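Visitor: mmCIF, C-alpha atoms, saved as query_21.cif, coming up:
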data_protein
loop_
_atom_site.label_atom_id
_atom_site.label_comp_id
_atom_site.auth_asym_id
_atom_site.auth_seq_id
_atom_site.Cartn_x
_atom_site.Cartn_y
_atom_site.Cartn_z
CA MET A 1 123.68 121.94 80.97
CA GLU A 2 123.19 119.57 83.91
CA VAL A 3 120.19 121.56 85.10
CA THR A 4 118.66 121.39 81.63
CA VAL A 5 119.09 117.62 81.48
CA ASN A 6 117.47 117.10 84.88
CA ARG A 7 114.63 119.42 83.99
CA ARG A 8 113.99 117.47 80.78
CA LYS A 9 114.16 114.18 82.61
CA TRP A 10 111.80 115.03 85.46
CA GLY A 11 109.74 117.77 83.83
CA ILE A 12 109.35 119.52 87.21
CA ILE A 13 108.13 122.85 85.85
CA SER A 14 106.95 121.84 82.40
CA LEU A 15 103.31 121.24 81.45
CA THR A 16 104.27 117.79 80.19
CA GLY A 17 105.87 116.88 83.50
CA THR A 18 103.00 118.32 85.50
CA VAL A 19 100.34 116.40 83.56
CA GLY A 20 102.40 113.21 83.88
CA PHE A 21 102.73 113.77 87.63
CA PHE A 22 99.00 114.43 87.94
CA PHE A 23 98.06 111.17 86.21
CA ALA A 24 100.41 109.34 88.58
CA ILE A 25 99.29 111.01 91.83
CA ALA A 26 95.55 111.30 91.04
CA PRO A 27 94.60 107.79 92.33
CA VAL A 28 96.27 108.65 95.65
CA LEU A 29 94.30 111.91 95.92
CA ASP A 30 91.06 110.37 94.60
CA PRO A 31 89.08 110.23 97.88
CA TYR A 32 90.03 113.67 99.17
CA ILE A 33 87.61 116.58 98.80
CA VAL A 34 87.68 120.37 98.95
CA ILE A 35 83.99 120.92 99.66
CA GLU A 36 80.84 118.83 99.82
CA ILE A 37 77.30 120.22 99.78
CA GLY A 38 74.62 117.73 100.73
CA SER A 39 74.60 114.61 98.59
CA GLY A 40 74.39 116.40 95.27
CA PHE A 41 77.67 118.30 94.95
CA THR A 42 81.22 117.27 95.77
CA LEU A 43 84.32 119.12 94.64
CA LYS A 44 87.45 117.02 94.92
CA ILE A 45 91.08 118.07 94.95
CA ASN A 46 91.58 116.19 91.69
CA ASP A 47 88.72 118.13 90.08
CA ILE A 48 90.45 121.47 90.67
CA ILE A 49 93.81 120.21 89.40
CA MET A 50 92.19 118.57 86.37
CA LEU A 51 90.26 121.70 85.37
CA PHE A 52 93.32 123.92 85.77
CA LEU A 53 95.56 121.64 83.69
CA THR A 54 92.84 121.24 81.07
CA MET A 55 92.67 125.02 80.63
CA LEU A 56 96.44 125.11 80.10
CA CYS A 57 96.32 122.24 77.59
CA PHE A 58 93.27 123.74 75.85
CA SER A 59 95.05 127.09 75.47
CA LYS A 60 97.86 125.31 73.60
CA SER A 61 95.56 123.46 71.22
CA TYR A 62 91.78 123.95 70.84
CA ARG A 63 91.40 121.08 68.40
CA PHE A 64 89.25 118.15 69.53
CA GLU A 65 90.93 114.91 68.45
CA ARG A 66 89.05 111.67 68.18
CA LYS A 67 92.28 109.88 69.07
CA THR A 68 92.03 111.13 72.66
CA GLY A 69 88.31 111.98 72.72
CA PHE A 70 87.05 108.41 72.59
CA LEU A 71 85.50 108.60 76.08
CA CYS A 72 83.08 111.24 74.77
CA ILE A 73 82.04 108.81 72.06
CA TRP A 74 81.61 106.03 74.62
CA LEU A 75 79.32 108.24 76.70
CA LEU A 76 77.24 109.53 73.82
CA GLY A 77 76.37 105.98 72.83
CA LEU A 78 75.64 104.84 76.39
CA GLY A 79 73.72 108.05 77.06
CA LEU A 80 71.47 107.51 74.05
CA ILE A 81 70.74 103.92 75.09
CA GLY A 82 70.19 105.08 78.67
CA ILE A 83 67.60 107.66 77.57
CA PHE A 84 65.56 104.90 75.95
CA GLY A 85 65.89 103.01 79.22
CA ASN A 86 64.51 106.00 81.14
CA LEU A 87 61.55 106.29 78.75
CA VAL A 88 60.79 102.57 78.83
CA SER A 89 60.89 102.38 82.65
CA ASN A 90 59.72 105.91 83.47
CA THR A 91 62.73 106.46 85.75
CA ASP A 92 64.40 109.69 86.86
CA MET A 93 65.84 111.11 83.63
CA ALA A 94 67.15 114.24 85.42
CA ASN A 95 69.37 112.13 87.66
CA SER A 96 70.62 110.14 84.68
CA PHE A 97 71.48 113.36 82.84
CA LYS A 98 73.30 114.69 85.91
CA ASN A 99 75.56 111.62 85.99
CA LEU A 100 76.08 111.75 82.24
CA ILE A 101 76.99 115.46 82.27
CA VAL A 102 79.53 114.95 85.07
CA TRP A 103 81.11 112.06 83.14
CA LEU A 104 81.17 114.16 79.95
CA ILE A 105 83.06 116.92 81.77
CA TYR A 106 85.69 114.40 82.79
CA ALA A 107 85.79 112.93 79.26
CA PHE A 108 86.23 116.39 77.73
CA CYS A 109 89.07 117.25 80.12
CA LEU A 110 90.83 113.92 79.52
CA THR A 111 90.59 114.52 75.78
CA TYR A 112 93.03 117.43 76.13
CA LEU A 113 95.16 116.05 78.95
CA TRP A 114 95.83 112.83 77.03
CA LYS A 115 97.11 114.87 74.07
CA THR A 116 100.15 115.75 76.20
CA PRO A 117 103.06 113.38 75.38
CA CYS A 118 103.86 112.67 79.03
CA ARG A 119 104.25 108.88 79.14
CA ASP A 120 107.85 109.02 80.38
CA LYS A 121 107.04 111.48 83.17
CA PHE A 122 103.94 109.50 84.12
CA PHE A 123 105.92 106.33 84.71
CA GLN A 124 108.81 108.12 86.42
CA TRP A 125 106.46 109.55 89.03
CA MET A 126 104.36 106.39 89.22
CA GLU A 127 107.41 104.30 90.10
CA ILE A 128 108.41 106.73 92.86
CA ILE A 129 104.89 106.58 94.32
CA ALA A 130 104.73 102.78 93.92
CA ILE A 131 108.09 102.33 95.67
CA VAL A 132 107.03 104.52 98.61
CA ALA A 133 103.64 102.78 98.85
CA SER A 134 105.21 99.30 98.63
CA MET A 135 107.73 100.08 101.38
CA LEU A 136 104.90 101.36 103.56
CA VAL A 137 102.98 98.14 102.89
CA ILE A 138 105.89 96.12 104.27
CA LEU A 139 106.07 98.35 107.35
CA GLN A 140 102.31 98.09 107.88
CA PHE A 141 102.46 94.30 107.49
CA VAL A 142 105.26 93.92 110.04
CA SER A 143 103.78 96.49 112.45
CA GLY A 144 100.36 94.88 112.28
CA TYR A 145 101.67 91.47 113.32
CA VAL A 146 104.12 92.83 115.90
CA GLY A 147 101.44 95.07 117.38
CA ILE A 148 103.19 98.40 116.87
CA ALA A 149 101.12 101.41 115.84
CA MET A 150 101.76 102.48 112.24
CA TRP A 151 100.48 105.22 109.92
CA ASP A 152 97.39 103.96 108.09
CA GLY A 153 98.30 105.90 104.93
CA LYS A 154 95.63 108.61 105.16
CA ILE A 155 97.11 112.04 104.41
CA PRO A 156 96.77 114.27 107.50
CA GLY A 157 94.71 117.43 107.12
CA LEU A 158 92.76 116.26 104.07
CA ALA A 159 89.05 115.43 104.28
CA LEU A 160 87.37 112.37 102.80
CA GLY A 161 84.09 112.49 100.93
CA LYS A 162 80.88 111.42 102.65
CA TYR A 163 80.82 108.13 100.76
CA ASP A 164 84.58 107.48 100.96
CA GLY A 165 85.89 105.34 103.79
CA TRP A 166 89.43 104.44 104.81
CA ALA A 167 90.04 100.75 105.39
CA GLY A 168 93.48 101.08 106.98
CA TYR A 169 95.87 98.14 107.25
CA ILE A 170 93.87 96.16 109.82
CA ASP A 171 90.43 94.85 108.86
CA ILE A 172 88.07 96.27 111.51
CA ASN A 173 85.66 93.35 111.08
CA THR A 174 88.07 90.39 111.20
CA GLY A 175 91.31 91.83 112.53
CA ASP A 176 93.21 90.50 109.50
CA ILE A 177 96.33 92.41 108.46
CA ARG A 178 95.67 93.84 104.99
CA PRO A 179 98.21 96.60 104.21
CA ASN A 180 96.83 99.44 102.11
CA GLY A 181 99.91 101.69 101.75
CA ILE A 182 98.69 105.21 100.94
CA PHE A 183 95.47 104.05 99.31
CA GLN A 184 91.92 103.63 100.63
CA GLU A 185 92.08 99.86 100.70
CA ALA A 186 94.35 96.96 99.86
CA SER A 187 92.85 96.20 96.44
CA TYR A 188 93.35 99.80 95.28
CA LEU A 189 97.02 99.59 96.15
CA GLY A 190 97.19 96.31 94.24
CA ILE A 191 95.67 97.91 91.14
CA TYR A 192 98.06 100.85 91.24
CA VAL A 193 101.23 98.91 91.96
CA SER A 194 100.38 96.32 89.29
CA VAL A 195 100.94 98.98 86.61
CA ALA A 196 104.37 99.83 88.05
CA TYR A 197 105.10 96.08 88.24
CA VAL A 198 104.40 95.58 84.53
CA GLN A 199 106.49 98.61 83.60
CA ALA A 200 109.40 97.38 85.74
CA PHE A 201 109.03 93.93 84.12
CA LYS A 202 109.22 95.46 80.64
CA GLU A 203 112.29 97.47 81.62
CA GLU A 204 113.84 94.40 83.29
CA LYS A 205 114.20 96.14 86.65
CA ILE A 206 114.08 92.99 88.72
CA LYS A 207 114.60 94.54 92.18
CA ARG A 208 111.61 96.83 91.70
CA MET A 209 109.57 93.94 90.37
CA LEU A 210 110.27 91.94 93.51
CA LEU A 211 109.34 94.88 95.75
CA TYR A 212 106.05 95.40 93.92
CA ALA A 213 105.23 91.68 93.86
CA ILE A 214 105.87 91.35 97.60
CA ALA A 215 103.67 94.37 98.31
CA MET A 216 100.84 93.00 96.16
CA LEU A 217 101.00 89.64 97.90
CA MET A 218 101.09 91.24 101.36
CA THR A 219 97.82 93.04 100.67
CA THR A 220 96.16 89.58 100.44
CA SER A 221 93.86 91.17 97.86
CA VAL A 222 92.42 88.57 95.50
CA VAL A 223 92.25 91.17 92.72
CA ALA A 224 95.91 92.10 93.22
CA ILE A 225 97.06 88.48 93.26
CA ILE A 226 95.05 87.55 90.14
CA ILE A 227 96.49 90.57 88.30
CA LEU A 228 100.02 89.69 89.47
CA ILE A 229 99.77 86.11 88.24
CA THR A 230 97.98 87.00 84.99
CA THR A 231 100.39 89.76 83.96
CA THR A 232 103.45 87.66 84.84
CA VAL A 233 102.26 84.75 82.70
CA LEU A 234 101.18 87.09 79.88
CA ILE A 235 104.52 88.90 79.69
CA LEU A 236 106.44 85.64 79.71
CA ILE A 237 104.24 84.37 76.87
CA MET A 238 104.73 87.64 74.97
CA LYS A 239 108.47 87.89 75.73
CA ASN A 240 109.44 88.02 72.06
CA ARG A 241 106.88 90.69 71.21
CA ILE A 242 108.09 92.99 73.98
CA ASP A 243 111.78 92.21 73.46
CA LEU A 244 112.27 90.62 76.87
CA SER A 245 115.77 89.16 76.99
CA SER A 246 116.29 85.41 77.39
CA LYS A 247 118.46 86.13 80.43
CA MET A 248 115.62 88.02 82.09
CA THR A 249 113.17 85.22 81.28
CA ARG A 250 115.44 82.62 82.90
CA ARG A 251 115.95 84.81 85.97
CA ILE A 252 112.21 85.33 86.40
CA LEU A 253 111.45 81.62 86.11
CA PHE A 254 114.24 80.85 88.59
CA LEU A 255 112.98 83.49 91.03
CA ILE A 256 109.42 82.19 90.78
CA GLY A 257 110.66 78.71 91.71
CA VAL A 258 112.78 80.04 94.58
CA PHE A 259 109.91 82.20 95.78
CA ILE A 260 107.45 79.31 95.90
CA VAL A 261 109.90 77.08 97.78
CA GLY A 262 110.85 79.92 100.13
CA LEU A 263 107.20 80.75 100.78
CA VAL A 264 106.51 77.16 101.80
CA VAL A 265 109.52 77.11 104.14
CA VAL A 266 108.82 80.51 105.70
CA SER A 267 105.12 79.80 106.14
CA ASN A 268 106.05 76.83 108.32
CA THR A 269 108.26 78.96 110.56
CA ASN A 270 106.63 82.42 110.54
CA GLU A 271 103.13 82.91 111.90
CA ALA A 272 102.52 86.22 110.07
CA VAL A 273 103.28 84.71 106.66
CA ALA A 274 101.28 81.58 107.48
CA ASP A 275 98.26 83.67 108.51
CA SER A 276 98.43 85.70 105.30
CA ILE A 277 98.64 82.58 103.14
CA ALA A 278 95.75 81.02 105.03
CA TYR A 279 93.69 84.17 104.52
CA ILE A 280 94.40 84.20 100.79
CA MET A 281 93.54 80.52 100.47
CA ARG A 282 90.27 81.07 102.33
CA ARG A 283 89.39 83.89 99.92
CA PHE A 284 89.97 81.61 96.94
CA THR A 285 88.37 78.46 98.38
CA ASN A 286 85.31 80.41 99.56
CA PHE A 287 84.98 82.15 96.20
CA ASN A 288 82.19 79.91 94.92
CA SER A 289 80.25 79.96 98.19
CA ASP A 290 80.59 83.77 98.38
CA LEU A 291 79.08 84.11 94.92
CA ASN A 292 76.23 81.71 95.54
CA GLY A 293 75.52 82.52 99.18
CA ALA A 294 72.52 84.54 100.35
CA ARG A 295 74.76 87.12 102.04
CA MET A 296 75.89 89.98 99.80
CA SER A 297 79.63 89.70 100.48
CA SER A 298 82.30 91.98 99.08
CA THR A 299 83.22 89.31 96.52
CA LYS A 300 79.61 88.90 95.43
CA TYR A 301 79.13 92.66 95.10
CA ARG A 302 82.24 93.03 92.95
CA ILE A 303 81.69 90.04 90.65
CA VAL A 304 77.92 89.62 90.17
CA GLY A 305 76.37 92.52 92.07
CA HIS A 306 72.58 92.46 91.68
CA VAL A 307 72.61 90.74 88.31
CA GLU A 308 69.66 88.59 89.49
CA LEU A 309 67.46 91.67 89.02
CA PHE A 310 67.90 91.33 85.28
CA SER A 311 65.46 88.40 85.27
CA ARG A 312 62.75 90.79 86.49
CA TYR A 313 63.16 93.13 83.52
CA SER A 314 60.69 93.26 80.67
CA ILE A 315 61.91 92.44 77.16
CA LEU A 316 62.43 96.13 76.34
CA GLN A 317 64.20 96.72 79.65
CA LYS A 318 66.51 93.81 78.94
CA MET A 319 67.45 95.48 75.68
CA VAL A 320 67.98 99.10 76.84
CA GLY A 321 68.01 98.87 80.66
CA VAL A 322 66.27 101.28 83.01
CA GLY A 323 68.49 104.36 82.57
CA ILE A 324 71.95 105.45 83.74
CA ALA A 325 72.35 105.14 87.53
CA GLN A 326 68.73 104.03 87.95
CA TYR A 327 68.49 100.35 88.86
CA GLY A 328 69.49 100.98 92.49
CA ASN A 329 66.66 103.47 93.00
CA LEU A 330 64.16 101.40 91.05
CA PHE A 331 64.73 98.26 93.13
CA ASN A 332 65.84 100.00 96.35
CA VAL A 333 69.21 98.22 96.50
CA LYS A 334 72.81 99.34 96.77
CA SER A 335 73.86 100.00 93.18
CA TYR A 336 77.29 98.41 93.26
CA GLY A 337 78.87 95.79 91.05
CA ASN A 338 81.52 95.55 88.40
CA VAL A 339 81.31 97.72 85.30
CA TRP A 340 79.79 95.04 83.06
CA VAL A 341 77.02 94.06 85.49
CA THR A 342 76.21 97.68 86.30
CA THR A 343 76.06 98.57 82.61
CA LEU A 344 73.81 95.57 81.94
CA LEU A 345 71.34 96.65 84.61
CA ASN A 346 71.41 100.33 83.66
CA CYS A 347 71.70 100.15 79.86
CA GLY A 348 70.68 96.59 79.02
CA ILE A 349 72.13 94.17 76.48
CA LEU A 350 72.63 96.94 73.92
CA GLY A 351 74.60 98.97 76.45
CA VAL A 352 76.91 96.09 77.37
CA GLY A 353 77.41 95.20 73.71
CA TYR A 354 78.23 98.81 72.87
CA LEU A 355 80.67 99.15 75.78
CA ILE A 356 82.43 95.89 74.88
CA THR A 357 82.82 97.17 71.31
CA CYS A 358 84.27 100.45 72.59
CA VAL A 359 86.73 98.71 74.91
CA LEU A 360 87.86 96.31 72.17
CA ASN A 361 88.34 99.24 69.78
CA LEU A 362 90.72 100.69 72.35
CA VAL A 363 93.11 97.85 71.52
CA LYS A 364 93.78 99.50 68.14
CA ARG A 365 95.29 102.45 70.01
CA ILE A 366 97.65 100.35 72.12
CA ARG A 367 101.20 99.43 71.17
CA ARG A 368 101.86 95.71 71.41
CA GLU A 369 104.27 96.03 74.35
CA ASN A 370 101.52 97.76 76.37
CA ILE A 371 98.86 95.06 76.00
CA ALA A 372 99.48 93.91 79.59
CA PHE A 373 98.15 97.27 80.80
CA PHE A 374 94.98 96.69 78.78
CA VAL A 375 94.59 93.26 80.41
CA ILE A 376 94.80 94.90 83.85
CA PHE A 377 92.18 97.41 82.72
CA VAL A 378 89.76 94.66 81.66
CA LEU A 379 90.36 92.66 84.86
CA VAL A 380 89.61 95.75 86.97
CA LEU A 381 86.42 96.51 84.99
CA SER A 382 85.38 92.91 85.64
CA SER A 383 86.05 92.96 89.37
CA ASP A 384 85.00 96.38 90.64
CA TRP A 385 82.95 99.50 89.91
CA GLN A 386 85.90 101.50 88.59
CA TRP A 387 84.05 103.72 86.14
CA PHE A 388 85.31 107.26 85.56
CA SER A 389 87.41 107.03 88.71
CA TRP A 390 91.06 107.99 88.71
CA TYR A 391 92.05 104.32 88.70
CA PHE A 392 90.01 103.98 85.51
CA PHE A 393 91.76 107.00 83.96
CA MET A 394 95.18 105.89 85.23
CA LEU A 395 94.84 102.46 83.62
CA ILE A 396 93.77 103.96 80.29
CA SER A 397 96.68 106.40 80.54
CA ALA A 398 99.10 103.49 80.91
CA CYS A 399 97.62 102.02 77.74
CA ILE A 400 97.51 105.05 75.44
CA LEU A 401 99.76 107.89 76.64
CA SER A 402 102.33 108.82 74.04
CA SER A 403 105.97 109.47 74.81
CA ASN A 404 107.86 112.70 74.32
CA ASP A 405 110.44 110.60 72.52
CA LYS A 406 110.09 111.73 68.91
CA SER A 407 111.03 108.37 67.40
CA GLU A 408 108.40 106.59 69.50
CA ARG A 409 105.73 109.14 68.62
CA VAL A 410 106.45 108.61 64.92
CA ALA A 411 106.07 104.85 65.43
CA GLU A 412 102.72 105.38 67.17
CA ASN A 413 101.41 107.48 64.34
#
Represent the structure from my file as structure tokens, please.
Guide:
Amino acid sequence: MEVTVNRRKWGIISLTGTVGFFFAIAPVLDPYIVIEIGSGFTLKINDIIMLFLTMLCFSKSYRFERKTGFLCIWLLGLGLIGIFGNLVSNTDMANSFKNLIVWLIYAFCLTYLWKTPCRDKFFQWMEIIAIVASMLVILQFVSGYVGIAMWDGKIPGLALGKYDGWAGYIDINTGDIRPNGIFQEASYLGIYVSVAYVQAFKEEKIKRMLLYAIAMLMTTSVVAIIILITTTVLILIMKNRIDLSSKMTRRILFLIGVFIVGLVVVSNTNEAVADSIAYIMRRFTNFNSDLNGARMSSTKYRIVGHVELFSRYSILQKMVGVGIAQYGNLFNVKSYGNVWVTTLLNCGILGVGYLITCVLNLVKRIRRENIAFFVIFVLVLSSDWQWFSWYFFMLISACILSSNDKSERVAEN
């Protein structure tokens, strides 16, 4: 009986447990490849796992459900608008179709994977990964300031894609200590751990919350810190809707006060903490100058990208864009920016309006206690090009995955 209980809890050999584990581990494996041919074909480790699990899920149920197939609908609308953009601007329609087809393959696979009621397993594995990553962040932070060599988080023996770098925990340009755990860069760890932080908050696991919060702060990632502050405030505001106990609310407010006072005291006595705080403050105080400066900084890329190109569009181009994945080639610039800016430049005003409508419709699928995950999703879309990446899929999974708890599934339906 004990074996049965453990097997149900962890789902080690079940399809449900395996899919839940895959959703949790996929962001960690995201940059690693199996084979890469030129610049046109890359097969990633996640691709193989995804296709295999999709076949297993598809064999159990062939039915396409709109409830989990919404990404296909998103792409069909954007694809149609993008085609008009290609025709208006006479851009490379073949390249646009290639991107669209790849995205549709992912959307089709996710349609069947998301049908698996693996929410419990997903969060069980995510918390294990987040705990390991957060502990490594602390070790990297201490080692970086002490000057001891430490593992940079890259999995030995696995190859990165041609366009995937590994930042490590020491910024090679400035020498700043920016722990990345087992992720490519500090901000990616912040995005991942923020989901575990919200889940721990909801479950009133205060020790885990503190570990995750410390890790997010140690990354000195502006994105991570904004998400940490926003989700904390949001959950406290929504405490009645998510059944957060009054005792937990008082403890959190007390800890926030103690933390702020302690941070001030420690920063005056510890150089490592003082340097990290100074770095964070510089990132925030230089925010406006980074956005308005001539240099294309990381902050400027993520927030506004090449939005200035939009003023050079014709009226028709402003409406439908220049085609999916085309503005970079058309203007010979690096096509990087957040999802909204990139969509505006590729698919115009109609594309952005359509995508906003799709994202807002997603709210209807989300239980009220999971709204904080949706807020993280929107913040990430607004601060980085996380489109059809495994961080994108992971955040949606946190929003919509159903539980294998029968009573909860009835409530969802």
Visitor: From the list A:Gln124, A:Ser383, A:Asn370, A:Gln317, which residue is nearest Gly351 of chain A when using all atoms listed in the file?
Guide: A:Gln317
Visitor: Identify which of the residues A:Glu185, A:Glu369, A:Asp30, A:Asp384 lies closest to Met238 of chain A, counting all atoms listed in the file when measuring atom-to-atom distances.
Guide: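 Once distances to Met238 of chain A are computed over all atoms listed in the file, the minimum belongs to A:Glu369.
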Visitor: Quick one, how far is atom CA of Ser246 of chain A from atom CA of Ser397 of chain A?
Guide: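 About the pair atom CA of Ser246 of chain A and atom CA of Ser397 of chain A: they are 28.9 Å apart.
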Visitor: Have a look at A:Ile177, A:Val322, A:Val261, A:Val102 and name the one nearest to Val146 of chain A; count all atoms listed in the file.
Guide: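 For Val146 of chain A, the nearest of the candidates is A:Ile177.
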Visitor: Counting all atoms listed in the file, which of A:Ile128, A:Met319, A:Cys118, A:Ile49 gets nearest to Tyr106 of chain A?
Guide: A:Ile49
Visitor: Would you translate the PyMOL selection byres ((chain A and resi 148-151) around 9) into the concrete set of residues it matches in this file, as a list in words?
Guide: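 Selection result, ordered by chain and number: Leu136, Leu139, Gln140, Val142, Ser143, Gly144, Tyr145, Val146, Gly147, Asp152, Gly153, Lys154, Gly168, Tyr169 and Gly181 of chain A.
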Visitor: Pick out the closest residue to Glu127 of chain A from this set: A:Lys205, A:His306, A:Arg63, A:Arg251. Count all atoms listed in the file.
Guide: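 Among A:Lys205, A:His306, A:Arg63, A:Arg251, it is A:Lys205 that comes nearest to Glu127 of chain A.
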Visitor: Go through A:Ile81, A:Ile101, A:Leu244, A:Leu71 and flag the residue nearest Gly353 of chain A, using all atoms listed in the file for the distances.
Guide: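 For Gly353 of chain A, the nearest of the given residues is A:Ile81.
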Visitor: Take atom CA of Gly323 of chain A and atom CA of Asn346 of chain A and report the distance between them in Å, one decimal.
Guide: 5.1 Å
Visitor: When you draw a straight line from atom CA of Ile227 of chain A to atom CA of Thr18 of chain A, how long is it in Å?
Guide: 28.6 Å
